[in-house]
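**Q** Have a look at this one before I ask anything.
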Amino acid sequence: MAKILKGKGQGPLFIALIKYWGNIDNDLRIPRNDNLAINLDFIGTDTNVSFSPGFKEDRVVVNGKALEREKKLRVIRVVDIMRKRAKINWPVHIFSENHIPTASGIGSSASSFSDLVVAINKALKLNLTKKELSLMARLGSGSAARAIPSGFVLLPGNCSQSEAYARTLFPPSYWPLSIFIIILSDAQKHTLTTQGHLGASTSPLYKERQWGLKERLKEIIKTIRDKDIWRLGRLLEAEALSLHANIMSQSPPIFYWSPRTFRFVKDLVDYREKEGYPIFWTIDAGENLFLLTVPDYEDVVKTFISRHPEVKKYYLTHPGKGPR
Ligand code: DP6
């Protein structure tokens, strides 16, 4: 029987505090700006890989369906780099299951590329460091690089290829925040993030956004250090609005918010301002959202969400480790 090498990986979701939008190198996915996220104790994707000289060709199956050509090539590019490193040319079979709606703005590509490199690392016994895994995951999806280390993580931007890997700033236990993943719809987004990054700098707001980000990053790191939920929450929302102002004003414009998103955010903000509870929202490239609060307010948030007519499903999670 032909030899077979197998490995498994499980990739986390994250909440992005300073968003990454626009690359200085689109092929190498080097972000334009330093960006910051919390990796969550929530597995977004499970991936199983096997390599064998007995396989006829490379196969990539996600949620039971073979990936279409373009998407498959994106995956195989990362596989090829790792095969080369292991000095092996055996075909690969990859089976991935997303536990969250795919391409709906909650980070399925980041979790799948982070667990892909972890699974291949195990299968091919490469013994790569976290730094090397982060550098490799980035070639599949920029934010996947950020999904490798644990806790509160920084991915530098506007730097050389070898510096663009994520580092932990604070471990997950530093501040056990409560993060809700809010699913308003499981429809796939109309414009993929990779496409969106290409047009980022065409927005008249782009330069100003980049300029302001340096200060916002410093402030956000300070609010984490001080465990100041009110200040962090206000900055988180300002950052999400700045990101989407850029996205909506780039050429061509992209509208990730749906009427459901607007309604939910407005109701949440009204509720918070009326009750004085520290509950904050953020949104990435899709109509779904994340909420941030502290454990004392988890029950209040659960009640709000379960009564809101736009919410299809939600998950409660906390800061966590990188992929397993
Ligand atoms: C809006 O990592 O999804 O979520 O390299 O094309 O996969 P690709 O880009 P991606 O970009 C992240 C965009 C964002 C903001 C963020 O996560 O920081």
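In the structure tokens, chains take letters A, B, ... by order of appearance, with residues numbered from 1 within each chain and ligands from 1 in the order shown.
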Can you work out which residues are within 8 Å of ligand 1, considering only C-alpha atoms and all ligand atoms, and then hand them over as a ChimeraX atom specification?

**A** /A:14-21,29,35-37,105-107,109-110,138-144,192-197,243,283-285

**Q** Where does DSSP see strand (DSSP E) in range 100-314 of chain A, if you list the residues as an MDAnalysis selection string?

**A** chainID A and resid 152:155 167:170 178:183 280:282 289:293 313:314

**Q** Next, write the just-selected residues to a file, as a short mmCIF file (atom, residue, chain, number, x, y, z; two decimals), in the first residue's frame, keeping N, CA, C and O atoms as the atom set.

**A**
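New file part_8.cif:
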data_model
loop_
_atom_site.label_atom_id
_atom_site.label_comp_id
_atom_site.auth_asym_id
_atom_site.auth_seq_id
_atom_site.Cartn_x
_atom_site.Cartn_y
_atom_site.Cartn_z
N PHE A 152 -3.90 38.55 22.32
CA PHE A 152 -3.98 39.87 21.69
C PHE A 152 -2.76 39.98 20.78
O PHE A 152 -1.62 39.97 21.26
N VAL A 153 -2.99 40.08 19.47
CA VAL A 153 -1.88 39.92 18.52
C VAL A 153 -1.74 41.10 17.57
O VAL A 153 -2.73 41.70 17.14
N LEU A 154 -0.51 41.39 17.23
CA LEU A 154 -0.20 42.48 16.29
C LEU A 154 0.42 41.90 15.04
O LEU A 154 1.35 41.09 15.12
N LEU A 155 -0.09 42.32 13.88
CA LEU A 155 0.55 41.97 12.60
C LEU A 155 1.08 43.27 12.00
O LEU A 155 0.30 44.16 11.65
N ARG A 167 2.70 38.74 16.18
CA ARG A 167 3.28 38.51 17.52
C ARG A 167 2.21 38.73 18.58
O ARG A 167 1.35 39.59 18.41
N THR A 168 2.35 38.00 19.71
CA THR A 168 1.43 38.20 20.84
C THR A 168 1.88 39.43 21.63
O THR A 168 3.04 39.54 22.00
N LEU A 169 0.91 40.34 21.90
CA LEU A 169 1.22 41.49 22.77
C LEU A 169 0.83 41.18 24.21
O LEU A 169 1.51 41.57 25.15
N PHE A 170 -0.33 40.52 24.37
CA PHE A 170 -0.81 40.13 25.70
C PHE A 170 -1.38 38.71 25.58
O PHE A 170 -2.08 38.43 24.59
N SER A 178 -15.45 39.37 26.87
CA SER A 178 -16.51 38.53 26.29
C SER A 178 -16.80 39.03 24.88
O SER A 178 -17.06 40.22 24.68
N ILE A 179 -16.76 38.12 23.93
CA ILE A 179 -16.97 38.49 22.53
C ILE A 179 -18.10 37.64 21.95
O ILE A 179 -18.09 36.42 22.07
N PHE A 180 -19.07 38.32 21.40
CA PHE A 180 -20.20 37.63 20.76
C PHE A 180 -20.04 37.71 19.25
O PHE A 180 -19.76 38.77 18.71
N ILE A 181 -20.24 36.58 18.59
CA ILE A 181 -20.25 36.56 17.12
C ILE A 181 -21.72 36.55 16.72
O ILE A 181 -22.47 35.66 17.15
N ILE A 182 -22.13 37.55 15.96
CA ILE A 182 -23.55 37.71 15.66
C ILE A 182 -23.80 37.39 14.18
O ILE A 182 -23.27 38.06 13.30
N ILE A 183 -24.61 36.39 13.95
CA ILE A 183 -24.92 36.01 12.56
C ILE A 183 -26.29 36.59 12.19
O ILE A 183 -27.32 36.18 12.75
N PHE A 280 -20.17 46.99 22.89
CA PHE A 280 -19.70 47.67 21.68
C PHE A 280 -19.71 46.71 20.49
O PHE A 280 -19.61 45.50 20.66
N TRP A 281 -19.80 47.28 19.30
CA TRP A 281 -19.90 46.47 18.08
C TRP A 281 -18.70 46.72 17.18
O TRP A 281 -18.06 47.78 17.25
N THR A 282 -18.46 45.75 16.32
CA THR A 282 -17.53 45.98 15.21
C THR A 282 -17.92 45.08 14.05
O THR A 282 -18.67 44.10 14.23
N LEU A 289 -21.58 40.60 12.47
CA LEU A 289 -20.91 41.49 13.42
C LEU A 289 -20.27 40.75 14.59
O LEU A 289 -20.53 39.56 14.79
N PHE A 290 -19.51 41.53 15.37
CA PHE A 290 -18.98 41.06 16.64
C PHE A 290 -19.38 42.08 17.70
O PHE A 290 -19.38 43.28 17.43
N LEU A 291 -19.68 41.59 18.91
CA LEU A 291 -19.91 42.49 20.04
C LEU A 291 -18.84 42.23 21.08
O LEU A 291 -18.39 41.09 21.25
N LEU A 292 -18.46 43.30 21.76
CA LEU A 292 -17.42 43.20 22.78
C LEU A 292 -17.96 43.74 24.09
O LEU A 292 -18.56 44.83 24.12
N THR A 293 -17.77 42.98 25.16
CA THR A 293 -18.15 43.47 26.48
C THR A 293 -17.26 42.78 27.52
O THR A 293 -16.25 42.16 27.17
N LYS A 313 -28.46 33.76 14.73
CA LYS A 313 -27.70 32.87 15.58
C LYS A 313 -26.60 33.68 16.25
O LYS A 313 -26.15 34.68 15.68
N TYR A 314 -26.16 33.26 17.42
CA TYR A 314 -24.99 33.92 17.99
C TYR A 314 -24.13 32.93 18.75
O TYR A 314 -24.60 31.85 19.13
#

**Q** Taking only C-alpha atoms into account, produce a table as CSV in which each residue of range 251-280 of chain A with an atom at most 12 Å from an atom of range 224-233 of chain A appears once, together with its shortest atom pair and the distance in Å to one decimal, ordered by chain and rising number.

**A**
residue,atom,partner,partner_atom,distance
A:Val269,CA,A:Gly233,CA,11.5
A:Arg272,CA,A:Trp230,CA,11.3
A:Glu273,CA,A:Trp230,CA,11.9
A:Gly276,CA,A:Trp230,CA,10.3
A:Tyr277,CA,A:Trp230,CA,9.3
A:Pro278,CA,A:Trp230,CA,6.1
A:Ile279,CA,A:Gly233,CA,7.3
A:Phe280,CA,A:Gly233,CA,5.3

**Q** Let me see the file: selected residues, N, CA, C and O atoms, as a CSV table (one decimal), in the first residue's frame.

**A**
chain,number,residue,atom,x,y,z
A,269,VAL,N,-26.7,50.5,19.8
A,269,VAL,CA,-26.2,51.8,20.3
A,269,VAL,C,-27.2,52.6,21.1
A,269,VAL,O,-26.9,53.1,22.2
A,272,ARG,N,-27.4,50.8,24.5
A,272,ARG,CA,-26.3,51.1,25.3
A,272,ARG,C,-26.3,52.5,25.9
A,272,ARG,O,-26.1,52.7,27.1
A,273,GLU,N,-26.7,53.5,25.0
A,273,GLU,CA,-26.7,54.8,25.5
A,273,GLU,C,-27.8,55.0,26.5
A,273,GLU,O,-27.6,55.8,27.5
A,276,GLY,N,-26.6,52.5,29.7
A,276,GLY,CA,-25.2,52.8,30.2
A,276,GLY,C,-24.4,51.5,30.4
A,276,GLY,O,-23.6,51.4,31.3
A,277,TYR,N,-24.7,50.5,29.6
A,277,TYR,CA,-23.9,49.2,29.6
A,277,TYR,C,-22.8,49.3,28.6
A,277,TYR,O,-22.9,49.7,27.5
A,278,PRO,N,-21.6,48.7,29.0
A,278,PRO,CA,-20.4,48.8,28.1
A,278,PRO,C,-20.5,47.6,27.1
A,278,PRO,O,-19.8,46.6,27.2
A,279,ILE,N,-21.3,47.9,26.0
A,279,ILE,CA,-21.4,46.8,25.0
A,279,ILE,C,-21.1,47.5,23.7
A,279,ILE,O,-21.7,48.6,23.3
A,280,PHE,N,-20.2,47.0,22.9
A,280,PHE,CA,-19.7,47.7,21.7
A,280,PHE,C,-19.7,46.7,20.5
A,280,PHE,O,-19.6,45.5,20.7

**Q** Might you pull out every residue within 8 Å of Gln188 in chain A, with only C-alpha atoms counted and same-chain residues fewer than 3 positions away left off, and present them as a list in words?

**A**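 Here the answer would be Pro101, Thr102, Ala103 and Ser104 of chain A.
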
**Q** Just checking: using only C-alpha atoms, which residue out of A:His244, A:His99, A:His308, A:Lys130 ends up closest to Tyr271 in chain A?

**A**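 That would be A:His308, the residue with the smallest distance to Tyr271 in chain A.
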